[in-house]
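Here is upload-v8.cif, consisting of mmCIF, C-alpha atoms:
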data_query
#
loop_
_atom_site.label_atom_id
_atom_site.label_comp_id
_atom_site.auth_asym_id
_atom_site.auth_seq_id
_atom_site.Cartn_x
_atom_site.Cartn_y
_atom_site.Cartn_z
CA MET L 154 26.45 8.89 63.85
CA ILE L 155 24.81 5.71 62.52
CA LEU L 156 22.90 3.15 64.58
CA ILE L 157 21.43 -0.09 63.26
CA ASP L 158 17.77 0.11 64.18
CA ARG L 159 16.95 -3.45 63.13
CA HIS L 160 17.79 -6.02 60.52
CA THR L 161 16.39 -9.30 59.30
CA ARG L 162 17.60 -12.04 57.03
CA ALA L 163 15.57 -15.11 56.24
CA ALA L 164 17.20 -18.41 55.36
CA LYS L 165 16.28 -17.54 51.81
CA GLY L 166 15.45 -14.09 50.59
CA PRO L 167 16.73 -10.55 50.93
CA PHE L 168 18.77 -9.01 53.74
CA HIS L 169 16.88 -6.03 55.21
CA ALA L 170 18.35 -3.40 57.52
CA THR L 171 17.10 -0.06 58.82
CA LEU L 172 19.64 2.47 60.06
CA ARG L 173 19.20 5.58 62.16
CA ILE L 174 21.40 8.49 61.17
CA LYS L 175 22.17 11.65 63.13
CA PRO L 176 23.93 14.11 60.83
CA ALA L 177 26.77 16.21 62.24
CA THR L 178 26.29 19.25 60.00
CA ARG L 179 23.61 20.76 57.78
CA VAL L 180 25.19 19.23 54.67
CA ASP L 181 26.73 15.86 55.48
CA LEU L 182 27.79 12.66 53.70
CA ILE L 183 27.40 9.35 55.55
CA ASP L 184 28.76 6.10 54.15
CA VAL L 185 25.87 3.70 54.76
CA ARG L 186 27.47 0.79 52.92
CA GLY L 187 30.65 1.12 54.98
CA LYS L 188 28.62 0.79 58.17
CA LEU L 189 26.86 -2.32 56.88
CA LEU L 190 30.17 -3.89 55.81
CA GLU L 191 31.58 -3.14 59.25
CA GLU L 192 28.59 -4.52 61.14
CA PHE L 193 27.59 -7.53 59.05
CA GLY L 194 30.54 -8.52 56.87
CA ASP L 195 29.78 -11.65 54.87
CA GLU L 196 26.15 -11.58 55.91
CA PHE L 197 25.82 -8.43 53.80
CA THR L 198 28.47 -8.92 51.11
CA ARG L 199 27.22 -12.35 50.07
CA TYR L 200 24.51 -10.52 48.12
CA THR L 201 25.38 -9.05 44.74
CA ARG L 202 22.87 -6.21 44.68
CA SER L 203 21.54 -3.64 47.11
CA PHE L 204 18.73 -1.09 47.14
CA TYR L 205 19.16 2.04 49.26
CA ILE L 206 16.07 3.91 50.45
CA SER L 207 15.59 7.32 52.04
CA ASN L 208 12.29 8.39 53.61
CA HIS L 209 13.20 12.07 53.36
CA THR L 210 12.88 14.96 50.90
CA THR L 211 16.14 16.76 51.69
CA ALA L 212 18.34 13.67 52.08
CA GLY L 213 18.87 10.83 49.64
CA PHE L 214 21.26 8.96 47.36
CA LEU L 215 23.04 9.51 44.07
CA ASP L 216 22.33 7.00 41.34
CA GLN L 217 25.25 4.63 40.78
CA ARG L 218 26.19 6.06 37.38
CA LEU L 219 26.60 9.58 38.75
CA ALA L 220 28.47 8.28 41.80
CA GLU L 221 30.87 6.48 39.44
CA LEU L 222 31.40 9.65 37.38
CA LEU L 223 32.38 11.35 40.64
CA GLU L 224 34.58 8.34 41.48
CA HIS L 225 32.61 7.59 44.67
CA ASP L 226 34.77 10.27 46.25
CA GLY L 227 33.25 12.22 49.14
CA ARG L 228 35.16 15.40 48.36
CA GLY L 229 34.15 15.24 44.71
CA ILE L 230 30.51 14.75 45.66
CA GLU L 231 30.71 17.69 48.08
CA GLY L 232 32.11 19.82 45.26
CA TYR L 233 29.35 18.69 42.92
CA LEU L 234 26.72 19.60 45.51
CA GLN L 235 28.41 22.94 46.09
CA LEU L 236 27.62 23.96 42.54
CA PHE L 237 23.90 23.51 43.18
CA GLN L 238 24.17 25.21 46.55
CA GLU L 239 25.54 28.21 44.67
CA LEU L 240 22.56 28.09 42.33
CA PHE L 241 20.14 27.67 45.26
CA PRO L 242 21.78 29.45 48.19
CA PRO L 243 20.28 29.60 51.70
CA GLY L 244 18.45 32.80 52.48
CA ALA L 245 17.36 33.72 48.94
CA ASP L 246 13.82 34.99 48.41
CA TYR L 247 12.10 31.60 48.32
CA VAL L 248 8.33 31.75 48.70
CA HIS L 249 8.44 28.39 50.51
CA ASP L 250 10.45 30.05 53.30
CA SER L 251 7.95 32.90 53.78
CA MET L 252 6.41 31.53 56.96
CA HIS L 253 3.57 34.05 57.04
CA LEU L 254 2.28 32.38 53.85
CA ARG L 255 2.45 28.83 55.25
CA THR L 256 -1.17 28.58 56.32
CA GLU L 257 -0.87 24.84 57.02
CA LEU L 258 1.50 25.52 59.94
CA SER L 259 0.59 26.64 63.45
CA GLU L 260 2.34 29.67 64.95
CA GLU L 261 4.41 27.31 67.09
CA GLN L 262 5.42 25.27 64.05
CA LYS L 263 6.36 28.40 62.10
CA ALA L 264 8.81 29.34 64.85
CA SER L 265 10.77 26.09 64.47
CA GLU L 266 10.14 25.17 60.83
CA PRO L 267 13.46 25.10 58.94
CA LEU L 268 13.99 27.52 56.06
CA ASN L 269 15.04 24.85 53.61
CA ALA L 270 13.69 25.61 50.14
CA ASP L 271 17.33 25.65 49.01
CA SER L 272 17.75 22.06 50.22
CA HIS L 273 14.66 20.88 48.33
CA LEU L 274 15.77 22.58 45.12
CA THR L 275 19.31 21.23 45.48
CA PHE L 276 17.89 17.72 45.99
CA ILE L 277 15.80 18.04 42.80
CA GLY L 278 18.37 19.91 40.73
CA ALA L 279 21.34 17.71 41.64
CA GLY L 280 19.39 14.57 40.79
CA LEU L 281 19.31 13.03 44.26
CA ARG L 282 17.06 10.04 44.60
CA ASN L 283 14.69 8.74 47.21
CA SER L 284 16.04 5.28 46.36
CA ALA L 285 18.89 3.92 44.28
CA SER L 286 20.10 0.50 43.15
CA TYR L 287 23.79 -0.42 43.40
CA GLU L 288 25.87 -3.36 42.21
CA LEU L 289 29.29 -3.16 43.89
CA ASP L 290 31.79 -5.90 44.67
CA GLY L 291 34.58 -3.82 46.22
CA SER L 292 34.77 -1.47 49.15
CA GLU L 293 33.27 1.56 47.39
CA PRO L 294 31.09 3.71 49.67
CA VAL L 295 27.43 4.43 49.12
CA TRP L 296 26.78 7.92 50.42
CA PHE L 297 23.63 9.03 52.20
CA VAL L 298 23.59 12.70 51.17
CA GLU L 299 22.14 15.00 53.83
CA LEU L 300 21.21 18.56 52.80
CA ASP L 301 19.36 19.86 55.86
CA GLY L 302 20.67 17.92 58.83
CA VAL L 303 21.08 20.74 61.35
CA HIS L 304 18.82 23.79 61.47
CA VAL L 305 17.43 26.37 63.87
CA GLY L 306 15.03 23.82 65.35
CA GLY L 307 17.75 21.26 66.12
CA THR L 308 19.32 18.18 64.52
CA ARG L 309 17.43 15.82 62.25
CA GLN L 310 16.88 12.17 63.06
CA ARG L 311 17.04 10.30 59.76
CA ARG L 312 16.32 6.73 58.75
CA THR L 313 17.44 4.80 55.74
CA THR L 314 16.59 1.26 54.74
CA VAL L 315 18.81 -1.08 52.73
CA VAL L 316 17.65 -4.28 51.04
CA ALA L 317 20.40 -6.60 49.76
CA TYR L 318 19.50 -9.44 47.38
CA ASP L 319 20.87 -11.67 44.63
CA GLY L 320 18.45 -11.29 41.77
CA GLU L 321 15.29 -9.69 40.55
CA GLU L 322 12.40 -10.68 38.36
CA GLU L 323 10.03 -8.50 36.41
CA VAL L 324 6.50 -9.17 37.60
CA GLU L 325 4.31 -6.87 35.51
CA ARG L 326 4.46 -3.84 33.23
CA ARG L 327 1.70 -1.32 32.70
CA ARG L 328 1.28 2.01 30.96
CA LEU L 329 -0.71 4.49 33.03
CA SER L 330 -2.33 7.70 31.85
CA VAL L 331 -2.57 10.78 34.04
CA PRO L 332 -4.35 14.04 33.21
CA SER L 333 -1.91 16.57 31.78
CA SER L 334 -1.65 19.95 33.42
CA PRO L 335 -3.19 22.90 31.55
CA HIS L 336 -0.27 25.08 32.70
CA PRO L 337 2.88 25.16 30.53
CA ILE L 338 5.17 25.02 33.59
CA ASP L 339 3.75 22.94 36.40
CA ALA L 340 4.25 20.14 38.92
CA GLN L 341 1.64 17.46 39.59
CA ASN L 342 1.42 15.36 42.74
CA LEU L 343 1.14 11.74 41.57
CA ARG L 344 0.34 10.70 45.14
CA ASP L 345 -2.98 12.55 44.86
CA PRO L 346 -5.62 9.80 45.17
CA ASP L 347 -7.81 11.56 42.59
CA LEU L 348 -5.24 10.72 39.89
CA GLY L 349 -5.51 7.01 40.72
CA CYS L 350 -1.83 6.18 40.14
CA ILE L 351 -0.96 4.97 43.62
CA GLY L 352 -4.14 2.92 43.89
CA VAL L 353 -3.06 0.99 40.78
CA LEU L 354 0.41 0.37 42.23
CA GLU L 355 -1.03 -0.90 45.49
CA GLU L 356 -3.31 -3.28 43.59
CA MET L 357 -0.33 -4.63 41.66
CA VAL L 358 1.61 -5.36 44.86
CA GLU L 359 -1.36 -7.14 46.39
CA GLU L 360 -2.21 -9.11 43.26
CA HIS L 361 1.32 -10.45 42.83
CA GLN L 362 2.09 -10.77 46.57
CA VAL L 363 5.44 -8.99 46.35
CA SER L 364 7.14 -8.72 49.76
CA PHE L 365 10.37 -6.99 48.74
CA GLY L 366 10.89 -5.23 45.44
CA ARG L 367 10.47 -1.92 43.70
CA PHE L 368 8.43 -0.01 41.18
CA ASP L 369 10.32 1.61 38.31
CA VAL L 370 8.29 4.52 36.95
CA ALA L 371 9.47 6.23 33.75
CA LEU L 372 8.32 8.67 31.10
CA PRO L 373 8.10 7.04 27.64
CA ASP L 374 10.34 8.50 24.93
CA GLU L 375 7.45 10.35 23.33
CA GLU L 376 6.78 12.32 26.53
CA GLN L 377 8.91 15.42 26.04
CA ASP L 378 9.58 18.56 28.11
CA ALA L 379 8.84 16.73 31.36
CA GLY L 380 10.65 15.08 34.24
CA LEU L 381 10.03 13.07 37.40
CA THR L 382 11.22 13.43 40.96
CA VAL L 383 10.23 12.36 44.47
CA ASN L 384 10.04 15.22 46.94
CA GLU L 385 7.71 17.22 49.17
CA TYR L 386 4.67 18.47 47.30
CA GLU L 387 4.35 21.72 49.22
CA PRO L 388 2.27 24.20 47.18
CA LEU L 389 4.52 27.24 47.65
CA LEU L 390 7.62 25.23 46.77
CA MET L 391 6.03 23.65 43.70
CA ASP L 392 3.95 26.57 42.42
CA TYR L 393 6.54 29.30 42.88
CA ASP L 394 10.13 28.28 43.69
CA LEU L 395 10.40 25.24 41.42
CA ARG L 396 8.72 27.11 38.58
CA GLU L 397 11.20 29.95 38.97
CA ALA L 398 14.10 27.48 38.93
CA LEU L 399 12.76 25.91 35.73
CA ARG L 400 12.33 29.27 34.06
CA ASN L 401 15.81 30.40 35.07
CA PRO L 402 18.15 28.19 37.14
CA PHE L 403 20.30 31.24 37.98
CA ARG L 404 17.39 33.11 39.55
CA PHE L 405 18.36 32.52 43.16
CA MET L 406 22.11 32.91 42.96
CA ALA L 407 23.35 35.21 45.72
CA GLN L 408 26.49 36.22 43.80
CA THR L 409 26.19 36.31 40.05
CA GLY L 410 28.25 37.22 37.04
CA LYS L 411 27.56 40.04 34.65
CA GLU L 412 25.50 37.90 32.30
CA VAL L 413 23.19 36.66 35.05
CA ARG L 414 22.68 40.11 36.57
CA HIS L 415 21.66 41.39 33.15
CA ALA L 416 19.24 38.51 32.70
CA LEU L 417 17.64 39.09 36.09
CA ARG L 418 17.23 42.80 35.37
CA ASP L 419 15.62 41.96 32.04
CA PRO L 420 13.66 38.72 32.37
CA ARG L 421 12.55 39.04 28.73
CA SER L 422 16.12 38.18 27.76
CA ILE L 423 15.41 34.60 28.87
CA PRO L 424 12.64 33.07 26.74
CA ALA L 425 10.66 30.94 29.17
CA LYS L 426 9.13 28.91 26.34
CA ALA L 427 12.55 27.78 25.15
CA ILE L 428 14.22 26.96 28.50
CA ASN L 429 17.48 26.37 26.56
CA PHE L 430 19.64 29.27 27.68
CA ALA L 431 22.44 30.73 25.59
CA GLN L 432 25.22 28.21 26.00
CA PHE L 433 27.89 30.88 26.21
CA ASP L 434 26.17 32.60 29.14
CA ALA L 435 25.69 29.33 31.01
CA VAL L 436 29.33 28.40 30.56
CA GLN L 437 30.46 31.82 31.79
CA VAL L 438 28.31 31.65 34.90
CA LEU L 439 29.32 28.10 35.77
CA ASN L 440 32.98 28.87 35.21
CA GLN L 441 32.70 31.68 37.73
CA VAL L 442 31.11 29.29 40.23
CA LEU L 443 33.76 26.64 39.64
CA ASP L 444 36.47 29.23 40.20
CA ARG L 445 34.84 30.47 43.38
CA VAL L 446 34.51 27.02 44.94
CA ARG L 447 37.97 25.97 43.64
CA LEU L 448 36.80 23.05 41.55
CA ARG L 449 38.87 23.71 38.46
CA ASP L 450 40.69 20.77 36.84
CA SER L 451 38.60 18.29 38.79
CA VAL L 452 36.29 15.42 38.00
CA VAL L 453 33.45 17.72 39.09
CA GLU L 454 34.28 20.19 36.33
CA ARG L 455 34.19 17.39 33.76
CA VAL L 456 30.73 16.34 34.96
CA VAL L 457 29.51 19.94 34.88
CA ASN L 458 30.94 20.55 31.41
CA ARG L 459 28.84 17.68 30.11
CA ALA L 460 25.76 19.24 31.69
CA VAL L 461 26.03 22.75 30.26
CA ALA L 462 25.99 21.42 26.71
CA LEU L 463 22.44 20.14 27.30
CA PRO L 464 19.03 21.74 27.84
CA VAL L 465 18.26 23.04 31.31
CA SER L 466 16.19 19.94 32.05
CA HIS L 467 19.43 17.94 31.87
CA PHE L 468 21.53 20.67 33.44
CA LEU L 469 19.28 20.43 36.49
CA ARG L 470 19.56 16.64 36.11
CA MET L 471 15.78 16.41 36.08
CA LYS L 472 15.20 12.69 35.89
CA ARG L 473 12.82 10.90 33.59
CA ALA L 474 12.35 8.03 36.03
CA PHE L 475 12.22 7.18 39.72
CA SER L 476 11.86 4.05 41.82
CA LEU L 477 9.60 3.34 44.76
CA PRO L 478 10.42 0.56 47.24
CA VAL L 479 8.11 -2.28 48.16
CA LEU L 480 8.84 -3.48 51.69
CA ASP L 481 7.55 -6.09 54.12
CA ARG L 482 7.67 -3.87 57.19
CA SER L 483 5.46 -6.04 59.38
CA GLY L 484 7.37 -9.28 58.77
CA ASP L 485 4.28 -11.22 57.70
CA GLY L 486 5.12 -11.33 54.02
CA THR L 487 2.84 -8.44 53.07
CA GLY L 488 4.54 -5.81 50.93
CA GLU L 489 3.63 -2.14 50.85
CA ILE L 490 5.00 0.96 49.14
CA GLY L 491 7.69 2.29 51.46
CA TRP L 492 7.91 6.05 51.55
CA GLY L 493 8.15 8.85 54.04
CA THR L 494 5.28 11.00 55.27
CA TYR L 495 6.21 13.98 53.12
CA GLN L 496 7.41 12.14 50.03
CA SER L 497 5.40 12.37 46.83
CA PRO L 498 6.22 11.29 43.28
CA ILE L 499 5.98 14.45 41.18
CA LEU L 500 5.53 14.93 37.45
CA VAL L 501 7.14 18.20 36.34
CA GLN L 502 6.65 19.80 32.94
CA TRP L 503 8.22 22.93 31.48
CA LYS L 504 6.17 22.96 28.28
CA GLY L 505 2.52 22.03 27.98
CA VAL L 506 1.02 19.42 25.69
CA GLU L 507 -2.13 19.70 23.59
CA ARG L 508 -3.42 16.25 24.47
CA ARG L 509 -5.29 15.71 27.71
CA THR L 510 -3.06 13.03 29.22
CA ARG L 511 0.56 12.09 29.79
CA SER L 512 1.77 8.50 29.99
CA LEU L 513 3.89 6.72 32.59
CA ASP L 514 5.47 3.29 32.16
CA VAL L 515 5.36 1.30 35.39
CA THR L 516 7.32 -1.90 36.05
CA LEU L 517 6.97 -3.98 39.22
CA VAL L 518 10.12 -5.91 40.14
CA ARG L 519 10.46 -8.61 42.82
CA PHE L 520 13.73 -9.09 44.72
CA VAL L 521 14.78 -12.73 44.96
#
Final structure tokens representation of the file:
Amino acid sequence: MILIDRHTRAAKGPFHATLRIKPATRVDLIDVRGKLLEEFGDEFTRYTRSFYISNHTTAGFLDQRLAELLEHDGRGIEGYLQLFQELFPPGADYVHDSMHLRTELSEEQKASEPLNADSHLTFIGAGLRNSASYELDGSEPVWFVELDGVHVGGTRQRRTTVVAYDGEEEVERRRLSVPSSPHPIDAQNLRDPDLGCIGVLEEMVEEHQVSFGRFDVALPDEEQDAGLTVNEYEPLLMDYDLREALRNPFRFMAQTGKEVRHALRDPRSIPAKAINFAQFDAVQVLNQVLDRVRLRDSVVERVVNRAVALPVSHFLRMKRAFSLPVLDRSGDGTGEIGWGTYQSPILVQWKGVERRTRSLDVTLVRFV
């Protein structure tokens, strides 16, 4: 179910709509663009570009290039997600789901807190985004991908925001430095005020008086063995489950092939420092998964076959960039970074660096 919460369109400037979504199942695909086309017609389609924003850490959007590879087809996208659900199945031994260790939760909260480490890891591994830019001139759908819509505590109430506009202008570029982690495999919360990153972004928005736009944050080419995502920075998820997934993406599989069972029995057979697993073994495991979920001879298999030829950082589709929205939520022309309560930009590395800092390239873009 989708309801239009509110929308605004000035005589000049972007179209801005917020939608409320009630998923029907735990994993669900909702065509947000189709709803906007149905509700607003020319008022929406007169714009050539659109920016789709999720405030959630287990629901988001595919980037346009990946959606095109999967032919914008809902069944193909479901099949693609199914591969990662096999890698990160519900009910595996995730530390994040060990409620007795979640000291930040009350006893009442522990009773209703969803066991959803698999959804977080699927979001990260499958390359889902907190926000994604699209340029479409046909009737292609843009799917809001829900990974944890219904759970023991009830049904989620989701919100997504869409900004449609005609053009964009680059306002400013900066290169930021953040302290590098001393741990070879680690995840750093870039929303931590002590790192200073977000304070710089907020200053840039204020200085240039951007009402609607986005930040594009990327790792420079020289920054290797690292990736970026936007998700929940929950210590047990980041310090244990994500690290395990980076060391061995097959770690949590409920049903595994011979090669994976052998690897799990003998962890030394997977060199953590290399992270590039034997290509033959990866192909064998993924072929078994594709057979099990009946995805042979499909566009999904072609996408997967491209992935297994690459290092695990690419196999998990760990991105080297993300975008953050800038929104005028109050209607007074004042822009602010638009993100959900539990969203954090996260810098992940699977091999340490000797220098004390890593660099991030930041670009502020205004929608016009």
Ref. answer, residues at most 6 Å from (26.2, 17.7, 42.0) with only C-alpha atoms, as a list in words: Tyr233, Leu234 and Ala279 of chain L
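Considering the residues L:Tyr287, L:Phe368, L:Phe241, L:Tyr200 and counting all atoms listed in the file, Met406 of chain L has its shortest atom-to-atom contact with L:Phe241.
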Could you list, as a PyMOL selection string, every residue within 8 Å of Pro373 of chain L, counting only C-alpha atoms and ignoring same-chain residues fewer than 6 positions away? chain L and resi 512-514
Starting from the displayed file, determine the output of the PyMOL selection byres ((chain L and resi 249-260) around 8) and express the residue list as an MDAnalysis selection string. chainID L and resid 246:248 261:264 268:270 387 389:390 393:394
Just write the chosen residues, C-alpha atoms, as a PDB file, keeping the file's coordinate frame.
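File selection_32.pdb, as written:
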ATOM      1  CA  ASP L 246      13.820  34.990  48.410  1.00  0.00           C
ATOM      2  CA  TYR L 247      12.100  31.600  48.320  1.00  0.00           C
ATOM      3  CA  VAL L 248       8.330  31.750  48.700  1.00  0.00           C
ATOM      4  CA  GLU L 261       4.410  27.310  67.090  1.00  0.00           C
ATOM      5  CA  GLN L 262       5.420  25.270  64.050  1.00  0.00           C
ATOM      6  CA  LYS L 263       6.360  28.400  62.100  1.00  0.00           C
ATOM      7  CA  ALA L 264       8.810  29.340  64.850  1.00  0.00           C
ATOM      8  CA  LEU L 268      13.990  27.520  56.060  1.00  0.00           C
ATOM      9  CA  ASN L 269      15.040  24.850  53.610  1.00  0.00           C
ATOM     10  CA  ALA L 270      13.690  25.610  50.140  1.00  0.00           C
ATOM     11  CA  GLU L 387       4.350  21.720  49.220  1.00  0.00           C
ATOM     12  CA  LEU L 389       4.520  27.240  47.650  1.00  0.00           C
ATOM     13  CA  LEU L 390       7.620  25.230  46.770  1.00  0.00           C
ATOM     14  CA  TYR L 393       6.540  29.300  42.880  1.00  0.00           C
ATOM     15  CA  ASP L 394      10.130  28.280  43.690  1.00  0.00           C
TER      16      ASP L 394
END
I'd like the neighbourhood of Ser284 of chain L as JSON, numbers by chain, where a residue qualifies if any of its atoms comes within 12 Å (using all atoms listed in the file), though same-chain residues fewer than 4 positions away should be ignored. {"L": [203, 204, 205, 206, 207, 208, 209, 210, 212, 213, 214, 215, 216, 217, 280, 295, 296, 297, 298, 313, 314, 315, 316, 366, 367, 368, 369, 382, 383, 384, 474, 475, 476, 477, 478, 479, 491, 492, 493, 496, 498]}
Output for the residues just chosen: C-alpha atoms as a CSV table (one decimal), in the coordinates of the input:
chain,number,residue,atom,x,y,z
L,203,SER,CA,21.5,-3.6,47.1
L,204,PHE,CA,18.7,-1.1,47.1
L,205,TYR,CA,19.2,2.0,49.3
L,206,ILE,CA,16.1,3.9,50.4
L,207,SER,CA,15.6,7.3,52.0
L,208,ASN,CA,12.3,8.4,53.6
L,209,HIS,CA,13.2,12.1,53.4
L,210,THR,CA,12.9,15.0,50.9
L,212,ALA,CA,18.3,13.7,52.1
L,213,GLY,CA,18.9,10.8,49.6
L,214,PHE,CA,21.3,9.0,47.4
L,215,LEU,CA,23.0,9.5,44.1
L,216,ASP,CA,22.3,7.0,41.3
L,217,GLN,CA,25.2,4.6,40.8
L,280,GLY,CA,19.4,14.6,40.8
L,295,VAL,CA,27.4,4.4,49.1
L,296,TRP,CA,26.8,7.9,50.4
L,297,PHE,CA,23.6,9.0,52.2
L,298,VAL,CA,23.6,12.7,51.2
L,313,THR,CA,17.4,4.8,55.7
L,314,THR,CA,16.6,1.3,54.7
L,315,VAL,CA,18.8,-1.1,52.7
L,316,VAL,CA,17.6,-4.3,51.0
L,366,GLY,CA,10.9,-5.2,45.4
L,367,ARG,CA,10.5,-1.9,43.7
L,368,PHE,CA,8.4,0.0,41.2
L,369,ASP,CA,10.3,1.6,38.3
L,382,THR,CA,11.2,13.4,41.0
L,383,VAL,CA,10.2,12.4,44.5
L,384,ASN,CA,10.0,15.2,46.9
L,474,ALA,CA,12.4,8.0,36.0
L,475,PHE,CA,12.2,7.2,39.7
L,476,SER,CA,11.9,4.0,41.8
L,477,LEU,CA,9.6,3.3,44.8
L,478,PRO,CA,10.4,0.6,47.2
L,479,VAL,CA,8.1,-2.3,48.2
L,491,GLY,CA,7.7,2.3,51.5
L,492,TRP,CA,7.9,6.0,51.6
L,493,GLY,CA,8.2,8.8,54.0
L,496,GLN,CA,7.4,12.1,50.0
L,498,PRO,CA,6.2,11.3,43.3
Between atom CA of Ile157 of chain L and atom CA of Arg173 of chain L, what is the distance, to one decimal in Å?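 One can read the atom CA of Ile157 of chain L to atom CA of Arg173 of chain L distance as 6.2 Å.
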My list of candidates is L:Val518, L:Gly484, L:Asn283, L:Lys472. Which is closest to His160 of chain L when distances are computed with all atoms listed in the file?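 Counting all atoms listed in the file, the residue closest to His160 of chain L is L:Gly484.
Residue neighbourhood of Leu372 of chain L, excluding near-sequence residues (fewer than 6 positions): Arg328, Leu329, Ser330, Val331, Asp378, Ala379, Gly380, Leu381, Thr382, Met471, Lys472, Arg473, Ala474, Phe475, Ile499, Leu500, Val501, Gln502, Arg511, Ser512, Leu513, Asp514, Val515 and Thr516 of chain L, at 12 Å, using only C-alpha atoms.
Between atom CA of Val363 of chain L and atom CA of Leu289 of chain L there is a distance of 24.7 Å.
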Using Å and a single decimal, report how far atom CA of Ala220 of chain L sits from atom CA of Leu281 of chain L.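 Between these atoms lies a distance of 10.6 Å.
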List the neighbours of Gly187 of chain L out to 10 Å using only C-alpha atoms; skip same-chain residues closer than 5 positions along the sequence, and give me the result as a list in words. Glu192, Gly194, Ser292, Glu293, Pro294, Val295 and Trp296 of chain L
Need the shell around Pro337 of chain L: protein/DNA/RNA residues with any atom at most 6 Å away, counting only C-alpha atoms. Skip same-chain ones fewer than 4 positions apart. Format as a PDB file with C-alpha atoms, in the coordinates of the input?
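Written out: result13.pdb:
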ATOM      1  CA  TRP L 503       8.220  22.930  31.480  1.00  0.00           C
ATOM      2  CA  LYS L 504       6.170  22.960  28.280  1.00  0.00           C
ATOM      3  CA  GLY L 505       2.520  22.030  27.980  1.00  0.00           C
TER       4      GLY L 505
END
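Here the question is which of L:Thr178, L:Thr510, L:Thr275, L:Ser483 gets nearest to Phe365 of chain L using all atoms listed in the file, and that residue is L:Ser483.
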Can you list, as a PyMOL selection string, the residues that the PyMOL selection byres ((chain L and resi 353-362) around 8) selects here? chain L and resi 324+349-352+363-364+479+487-490+517
Translate the PyMOL selection byres ((chain L and resi 177) around 8) into a concrete residue list for this structure, as a PyMOL selection string. chain L and resi 154+175-176+178-179+181+302-303
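Ranking L:Asp485, L:Ser497, L:Arg228, L:Glu507 by their shortest atom-to-atom distance to Asp345 of chain L, with all atoms listed in the file included, puts L:Ser497 first.
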With 3 Å added on each side, what axis-aligned box encloses every listed atom of segment 187-196 of chain L? Give the centre and edge lengths in Å to one decimal, as JSON.
{"center_x": 28.9, "center_y": -5.3, "center_z": 58.0, "size_x": 11.4, "size_y": 18.8, "size_z": 12.3}
